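Have a look at the structure below before the remarks.
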Amino acid sequence: MVSVRSVVDRVGPTLLHALQLPEDCPAVGDVVIAEPGAPSGLAAGDLVLGVATAEPADAVELVRVSAAQGAAAVLLKPPLAAKQPVRRAAKAAGIALIQVHAATSWAQLVWLLRTVLDALADESESLEEGGDPGSGDLFRLADAVASVVDAPVTIEDTNSRVLAYSARQDLTDPARVATIMGRRIPDDVLARFRSRGVFRELSRGRQTIFVPAQRDGTLPRLIVPIRMGGELLGSMWAVVTGPVPEERAAAFADSAPVVALHLLRRRAHTDAQRRASAELLRAVLEGRAAPRRAVAELDLSDEPHRVVVIEVTGGDGRDAEGLQLALLERISQGVGRRPPATELGGLLYAVVPDRAGPGGWPELRDALRAQPASRRGGVPRAAAGAPGTIAALAVSRAQADEAIGLLRAGLVESRVVAYDEVWTALVLHRAATGAAAARVAELGPLGVLQEHDEASRTGYVDTLYEWLRHPGDPRAAAQQLRIHPNTLRYRMKRLLDQVPLDLEDPDVRLALLTQLIALRWS
């Protein structure tokens, strides 16, 4: 059972402060964002975030409704949280009232709270099963290390992502707050540490690294690399007031092997889970797995989903999968969790709900469109199948494959498309593919124009295509060809001199257009 008190203690007073905390608070179940207006969809044990709550009266109503639904706590920012009517309402309703630091990002707080809930749940399971909580909970291990070095600690991986941090918050600075909130060292702080040679020293095998205070107010750091068998697995960062006594620094360094063992176990467990989930998702996308199993094991919600196929082009083919996974990691940062994803045939497939908001297809689409080329030259492009039930994911995958085929062929201009939005291109492509298979372009006099174009570079085939696409509008046809309308008329006269075409006959026009579509869209 996860209590409100344990969540507040784990996040720490830097970000959360309990204004009202009844003794009989319900166990915490999930984190929800209260909808503007009348809150709905709340459940027992929820931590309710008043993101859109701006007036005291609205906050009072949110507190009352949340308590009536059995929620565990309401979280508000100052000055709203400390208003007397709000505090009285929380006390009368018997619900916890938590004040969120004013500068805290709601999106990052959602992610942080869910991470903490997962960690505390794992800890509870470990205790129930009689396991060793010190080896089963990286957060508890961070607390233990913090007591050894007598300073707040973060445990980070080799990419400077925060894996755990100690509950102790008595000594902090903006860099630590931003690191915990963002779950990784911010880029500007990272650059400052890199300029001081910190990461170079980590790679060289030093036992401890001391970084003095910086001019921007960043407090000193004592850093210990975490290694096993010569491999750098991560590092521990302690916020200190100044140089640390040698015996305490040595004790800090001595804790690294214990953390290393935990990181190795964590890596093995995560890799096994990821492989199992990826294999299940591959089976679902190929129609080989039951939808019920996918919902249960991949944690998919009961709502329409799309299959999105992501491809990185222009880079080194050997690094394609790494580039795709790095791209998915970047675009899925923020609220929520990374979508289920797997690799099939050198392409990355992800399953996302077809709804607006965090983690949905519109957000993923916008993030994909905003992605620049990678440092290695890879340009991301993606296509989504139509939305459907979990049982129809294999169909959505086939649609995504067909849609990305349009991107590869250059038949649509965008780098990110949805199957149901490019239906005209799909109709033309399918019609062209069928017509090409029937070799319709070989019939009639069109071949004469093709041969003339190849020999004289006259562009008669393109001219005829645009003329037929824009009946009665030579200006529009000429604009597509980037020529003057008079030039278009002259070309049409010359090509009719080459082949006997009765363009007044609608069947002739339709047959020619079918042939030209087969050439252009197949």
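Residues in the structure tokens are named by chain (A, B, ... in the order shown) and by number from 1 within that chain; ligands are numbered from 1 in the order shown.
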Residues at most 8 Å from A:Leu219, counting only C-alpha atoms, excluding those fewer than 5 positions away in the same chain, as a list in words?
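Counting only the stated atoms, we get Thr172, Asp173, Pro212, Ala213, Gln214, Val239, Val240 and Thr241 of chain A.
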Considering only C-alpha atoms, return as an mmCIF file with N, CA, C and O atoms, in the first residue's frame whatever protein or nucleic-acid residues lie within 8 Å of stretch 383-387 of chain A, sequence-local ones (same chain, fewer than 4 positions apart) excluded.
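The file below, selection22.cif, is the result:
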data_model
loop_
_atom_site.group_PDB
_atom_site.id
_atom_site.type_symbol
_atom_site.label_atom_id
_atom_site.label_comp_id
_atom_site.auth_asym_id
_atom_site.auth_seq_id
_atom_site.Cartn_x
_atom_site.Cartn_y
_atom_site.Cartn_z
ATOM 1 N N PRO A 304 -9.828 3.268 -29.289
ATOM 2 C CA PRO A 304 -9.211 3.097 -30.615
ATOM 3 C C PRO A 304 -7.718 3.446 -30.578
ATOM 4 O O PRO A 304 -7.309 4.408 -29.941
ATOM 5 N N HIS A 305 -6.918 2.648 -31.272
ATOM 6 C CA HIS A 305 -5.473 2.858 -31.377
ATOM 7 C C HIS A 305 -5.052 2.866 -32.841
ATOM 8 O O HIS A 305 -5.736 2.322 -33.701
ATOM 9 N N ARG A 306 -3.912 3.499 -33.082
ATOM 10 C CA ARG A 306 -3.293 3.483 -34.406
ATOM 11 C C ARG A 306 -1.932 2.810 -34.305
ATOM 12 O O ARG A 306 -1.236 2.949 -33.295
ATOM 13 N N VAL A 307 -1.551 2.136 -35.371
ATOM 14 C CA VAL A 307 -0.179 1.648 -35.494
ATOM 15 C C VAL A 307 0.596 2.678 -36.314
ATOM 16 O O VAL A 307 0.162 3.077 -37.398
ATOM 17 N N VAL A 308 1.716 3.130 -35.783
ATOM 18 C CA VAL A 308 2.553 4.124 -36.445
ATOM 19 C C VAL A 308 3.880 3.473 -36.829
ATOM 20 O O VAL A 308 4.542 2.879 -35.973
ATOM 21 N N VAL A 309 4.242 3.566 -38.095
ATOM 22 C CA VAL A 309 5.526 3.039 -38.543
ATOM 23 C C VAL A 309 6.478 4.214 -38.739
ATOM 24 O O VAL A 309 6.113 5.230 -39.334
ATOM 25 N N ILE A 310 7.673 4.094 -38.180
ATOM 26 C CA ILE A 310 8.669 5.172 -38.208
ATOM 27 C C ILE A 310 9.912 4.671 -38.912
ATOM 28 O O ILE A 310 10.415 3.587 -38.632
ATOM 29 N N ASP A 354 -5.755 6.831 -30.322
ATOM 30 C CA ASP A 354 -6.213 7.855 -31.262
ATOM 31 C C ASP A 354 -7.052 8.890 -30.519
ATOM 32 O O ASP A 354 -8.269 8.946 -30.645
ATOM 33 N N VAL A 395 -4.471 -4.902 -39.004
ATOM 34 C CA VAL A 395 -5.011 -4.157 -40.155
ATOM 35 C C VAL A 395 -4.425 -2.756 -40.195
ATOM 36 O O VAL A 395 -4.015 -2.254 -41.249
ATOM 37 N N SER A 396 -4.361 -2.112 -39.009
ATOM 38 C CA SER A 396 -3.793 -0.768 -38.938
ATOM 39 C C SER A 396 -2.326 -0.785 -39.343
ATOM 40 O O SER A 396 -1.842 0.155 -39.993
ATOM 41 N N ARG A 397 -1.612 -1.840 -38.992
ATOM 42 C CA ARG A 397 -0.204 -1.959 -39.374
ATOM 43 C C ARG A 397 -0.073 -2.053 -40.901
ATOM 44 O O ARG A 397 0.802 -1.408 -41.507
ATOM 45 N N ALA A 398 -0.933 -2.861 -41.543
ATOM 46 C CA ALA A 398 -0.889 -2.982 -43.003
ATOM 47 C C ALA A 398 -1.191 -1.635 -43.670
ATOM 48 O O ALA A 398 -0.580 -1.271 -44.679
ATOM 49 N N GLN A 399 -2.118 -0.885 -43.089
ATOM 50 C CA GLN A 399 -2.445 0.436 -43.633
ATOM 51 C C GLN A 399 -1.279 1.405 -43.467
ATOM 52 O O GLN A 399 -0.984 2.198 -44.370
ATOM 53 N N ALA A 400 -0.608 1.328 -42.309
ATOM 54 C CA ALA A 400 0.561 2.188 -42.088
ATOM 55 C C ALA A 400 1.652 1.858 -43.097
ATOM 56 O O ALA A 400 2.312 2.762 -43.640
ATOM 57 N N ASP A 401 1.859 0.566 -43.375
ATOM 58 C CA ASP A 401 2.865 0.167 -44.365
ATOM 59 C C ASP A 401 2.524 0.719 -45.744
ATOM 60 O O ASP A 401 3.401 1.184 -46.481
ATOM 61 N N ALA A 403 0.708 3.369 -46.395
ATOM 62 C CA ALA A 403 0.844 4.826 -46.395
ATOM 63 C C ALA A 403 2.304 5.258 -46.466
ATOM 64 O O ALA A 403 2.648 6.216 -47.164
ATOM 65 N N ILE A 404 3.193 4.543 -45.758
ATOM 66 C CA ILE A 404 4.604 4.943 -45.812
ATOM 67 C C ILE A 404 5.195 4.617 -47.185
ATOM 68 O O ILE A 404 6.181 5.230 -47.602
ATOM 69 N N VAL A 416 5.103 13.062 -42.584
ATOM 70 C CA VAL A 416 4.281 12.339 -41.616
ATOM 71 C C VAL A 416 2.833 12.365 -42.111
ATOM 72 O O VAL A 416 2.272 13.445 -42.325
ATOM 73 N N VAL A 417 2.245 11.188 -42.321
ATOM 74 C CA VAL A 417 0.880 11.116 -42.842
ATOM 75 C C VAL A 417 0.070 10.092 -42.066
ATOM 76 O O VAL A 417 0.612 9.236 -41.377
ATOM 77 N N ALA A 418 -1.237 10.199 -42.205
ATOM 78 C CA ALA A 418 -2.161 9.202 -41.656
ATOM 79 C C ALA A 418 -2.923 8.573 -42.812
ATOM 80 O O ALA A 418 -3.280 9.246 -43.790
ATOM 81 N N TYR A 419 -3.173 7.287 -42.707
ATOM 82 C CA TYR A 419 -3.810 6.511 -43.774
ATOM 83 C C TYR A 419 -5.124 7.133 -44.213
ATOM 84 O O TYR A 419 -5.392 7.258 -45.409
ATOM 85 N N ASP A 420 -5.956 7.535 -43.251
ATOM 86 C CA ASP A 420 -7.277 8.060 -43.575
ATOM 87 C C ASP A 420 -7.235 9.484 -44.114
ATOM 88 O O ASP A 420 -8.251 9.988 -44.597
#
Atomic separation - atom CA of A:Gln99 relative to atom CA of A:Leu42, Å
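Between atom CA of A:Leu42 and atom CA of A:Gln99 the gap works out to 19.5 Å.
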If you count only C-alpha atoms, which residues fall within 9 Å of A:Ala441, apart from same-chain ones fewer than 4 positions away, as a list in words?
Ala435, Ala436, Leu446, Gly447, Leu512, Thr514, Gln515, Leu516, Ala518 and Leu519 of chain A
Computed gap from atom CA of A:Asp502 to atom CA of A:Leu488 is 17.7 Å
Could you tell me how far atom CA of A:Leu202 lies from atom CA of A:Ser160, in Å and to one decimal?
12.0 Å
Spatial neighbours of A:Glu55, max dist 9 Å, only C-alpha atoms, sep filter under 4 positions, as a list in words:
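The neighbour list is Ala59, Val60 and Leu80 of chain A.
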Output for the residues just chosen: C-alpha atoms as an mmCIF file, in the first residue's frame:
data_model
loop_
_atom_site.group_PDB
_atom_site.id
_atom_site.type_symbol
_atom_site.label_atom_id
_atom_site.label_comp_id
_atom_site.auth_asym_id
_atom_site.auth_seq_id
_atom_site.Cartn_x
_atom_site.Cartn_y
_atom_site.Cartn_z
ATOM 1 C CA ALA A 59 -10.642 24.751 -5.826
ATOM 2 C CA VAL A 60 -13.185 24.240 -3.034
ATOM 3 C CA LEU A 80 -4.569 28.858 -4.274
#
Which of A:Pro152, A:Ala238, A:Gly346, A:Ile33 sits closest to A:Val312 [using only C-alpha atoms]:
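Checking each candidate against A:Val312, we get A:Gly346 as the closest.
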Env of A:Glu504: 12 Å cut, atoms = only C-alpha atoms, seq-sep filter 4 positions within chain, self excluded. Answer as a ChimeraX atom specification.
/A:468,471-472,500,508-510
Please, could you write that set of residues out with all heavy atoms as an mmCIF file, in the first residue's frame?
data_model
loop_
_atom_site.group_PDB
_atom_site.id
_atom_site.type_symbol
_atom_site.label_atom_id
_atom_site.label_comp_id
_atom_site.auth_asym_id
_atom_site.auth_seq_id
_atom_site.Cartn_x
_atom_site.Cartn_y
_atom_site.Cartn_z
ATOM 1 N N LEU A 468 -5.056 17.152 -69.164
ATOM 2 C CA LEU A 468 -6.201 16.316 -68.806
ATOM 3 C C LEU A 468 -6.609 16.506 -67.348
ATOM 4 O O LEU A 468 -7.786 16.384 -67.001
ATOM 5 C CB LEU A 468 -5.871 14.846 -69.063
ATOM 6 C CG LEU A 468 -5.666 14.466 -70.534
ATOM 7 C CD1 LEU A 468 -5.105 13.058 -70.651
ATOM 8 C CD2 LEU A 468 -6.992 14.573 -71.296
ATOM 9 N N PRO A 471 -9.051 20.200 -67.011
ATOM 10 C CA PRO A 471 -9.855 20.430 -68.218
ATOM 11 C C PRO A 471 -10.431 21.843 -68.257
ATOM 12 O O PRO A 471 -11.024 22.314 -67.280
ATOM 13 C CB PRO A 471 -10.958 19.375 -68.102
ATOM 14 C CG PRO A 471 -11.041 19.055 -66.644
ATOM 15 C CD PRO A 471 -9.639 19.182 -66.128
ATOM 16 N N GLY A 472 -10.215 22.509 -69.361
ATOM 17 C CA GLY A 472 -10.759 23.857 -69.535
ATOM 18 C C GLY A 472 -10.031 24.931 -68.753
ATOM 19 O O GLY A 472 -10.501 26.076 -68.699
ATOM 20 N N PRO A 500 -2.511 10.925 -83.550
ATOM 21 C CA PRO A 500 -3.919 11.245 -83.815
ATOM 22 C C PRO A 500 -4.783 10.988 -82.581
ATOM 23 O O PRO A 500 -5.183 9.857 -82.305
ATOM 24 C CB PRO A 500 -4.273 10.283 -84.943
ATOM 25 C CG PRO A 500 -3.394 9.101 -84.724
ATOM 26 C CD PRO A 500 -2.124 9.631 -84.141
ATOM 27 N N VAL A 508 -11.779 8.854 -74.820
ATOM 28 C CA VAL A 508 -10.359 8.987 -75.154
ATOM 29 C C VAL A 508 -9.627 9.686 -74.013
ATOM 30 O O VAL A 508 -8.545 9.258 -73.588
ATOM 31 C CB VAL A 508 -10.177 9.752 -76.479
ATOM 32 C CG1 VAL A 508 -8.694 10.079 -76.708
ATOM 33 C CG2 VAL A 508 -10.722 8.943 -77.644
ATOM 34 N N ARG A 509 -10.243 10.759 -73.517
ATOM 35 C CA ARG A 509 -9.605 11.482 -72.399
ATOM 36 C C ARG A 509 -9.475 10.588 -71.172
ATOM 37 O O ARG A 509 -8.451 10.582 -70.494
ATOM 38 C CB ARG A 509 -10.410 12.745 -72.063
ATOM 39 C CG ARG A 509 -10.426 13.788 -73.177
ATOM 40 C CD ARG A 509 -10.872 15.151 -72.643
ATOM 41 N NE ARG A 509 -12.183 15.091 -72.031
ATOM 42 C CZ ARG A 509 -13.334 15.290 -72.686
ATOM 43 N NH1 ARG A 509 -13.303 15.537 -74.005
ATOM 44 N NH2 ARG A 509 -14.496 15.243 -72.062
ATOM 45 N N LEU A 510 -10.534 9.819 -70.851
ATOM 46 C CA LEU A 510 -10.510 8.946 -69.691
ATOM 47 C C LEU A 510 -9.461 7.840 -69.847
ATOM 48 O O LEU A 510 -8.731 7.521 -68.905
ATOM 49 C CB LEU A 510 -11.893 8.335 -69.466
ATOM 50 C CG LEU A 510 -12.075 7.493 -68.196
ATOM 51 C CD1 LEU A 510 -11.769 8.318 -66.947
ATOM 52 C CD2 LEU A 510 -13.497 6.936 -68.124
#
Residues near A:Leu261, anyone? I mean within 9 Å using only C-alpha atoms, not counting same-chain ones fewer than 4 positions away, as a compact mmCIF listing (two decimals) with all heavy atoms, in the first residue's frame.
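Below you can see out35.txt, which holds the result:
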# COMPACT_ATOMS: atom_id res chain seq x y z
N SER A 135 18.08 -4.20 -2.15
CA SER A 135 18.48 -4.58 -3.50
C SER A 135 17.35 -4.44 -4.48
O SER A 135 17.57 -4.42 -5.68
CB SER A 135 18.97 -6.04 -3.48
OG SER A 135 17.92 -6.91 -3.12
N MET A 228 31.34 -1.96 -13.21
CA MET A 228 31.36 -3.38 -12.97
C MET A 228 32.12 -4.03 -14.12
O MET A 228 31.75 -3.87 -15.29
CB MET A 228 29.94 -3.96 -12.88
CG MET A 228 29.90 -5.46 -12.60
SD MET A 228 30.63 -5.89 -10.99
CE MET A 228 29.38 -5.27 -9.87
N ALA A 256 29.62 2.14 -4.29
CA ALA A 256 29.41 2.00 -5.74
C ALA A 256 29.21 0.55 -6.18
O ALA A 256 28.34 0.28 -7.01
CB ALA A 256 30.56 2.65 -6.51
N PRO A 257 30.00 -0.44 -5.68
CA PRO A 257 29.78 -1.82 -6.14
C PRO A 257 28.39 -2.35 -5.83
O PRO A 257 27.83 -3.12 -6.61
CB PRO A 257 30.85 -2.61 -5.38
CG PRO A 257 31.94 -1.60 -5.10
CD PRO A 257 31.20 -0.32 -4.84
N ARG A 265 21.24 -5.91 -12.30
CA ARG A 265 19.98 -6.64 -12.17
C ARG A 265 18.84 -5.89 -12.84
O ARG A 265 17.99 -6.48 -13.51
CB ARG A 265 19.66 -6.89 -10.69
CG ARG A 265 20.48 -7.99 -10.05
CD ARG A 265 19.88 -8.39 -8.71
NE ARG A 265 19.97 -7.31 -7.74
CZ ARG A 265 20.95 -7.16 -6.88
NH1 ARG A 265 21.97 -8.01 -6.87
NH2 ARG A 265 20.95 -6.16 -6.02
N ARG A 266 18.85 -4.58 -12.64
CA ARG A 266 17.81 -3.75 -13.24
C ARG A 266 17.88 -3.81 -14.76
O ARG A 266 16.86 -3.91 -15.43
CB ARG A 266 17.99 -2.30 -12.76
CG ARG A 266 16.92 -1.33 -13.19
CD ARG A 266 17.20 0.05 -12.59
NE ARG A 266 16.14 0.98 -12.88
CZ ARG A 266 16.07 1.71 -13.99
NH1 ARG A 266 17.01 1.58 -14.90
NH2 ARG A 266 15.07 2.54 -14.18
My list of candidates is A:Ser456, A:Thr218, A:Ser147, A:Ser6. Which is closest to A:Ala178 when distances are computed with only C-alpha atoms?
A:Thr218
For A:Met236, which residue out of A:Leu171, A:Val32, A:Leu264, A:Leu163 is the nearest one, using only C-alpha atoms?
A:Leu163
Just list the residues in stretch 299-522 of chain A DSSP gives helix (DSSP H, G or I) on the backbone, as JSON, numbers by chain.
{"A": [317, 318, 319, 320, 321, 322, 323, 324, 325, 326, 327, 328, 329, 330, 331, 361, 362, 363, 364, 365, 366, 367, 368, 369, 390, 391, 392, 393, 394, 395, 396, 397, 398, 399, 400, 401, 402, 403, 404, 405, 406, 407, 408, 419, 420, 421, 423, 424, 425, 426, 427, 428, 429, 430, 431, 432, 433, 434, 435, 436, 437, 440, 441, 442, 446, 447, 448, 449, 450, 451, 452, 453, 454, 455, 456, 460, 461, 462, 463, 464, 465, 466, 467, 468, 469, 474, 475, 476, 477, 478, 479, 480, 481, 485, 486, 487, 488, 489, 490, 491, 492, 493, 494, 495, 496, 497, 498, 506, 507, 508, 509, 510, 511, 512, 513, 514, 515, 516, 517, 518, 519, 520, 521]}
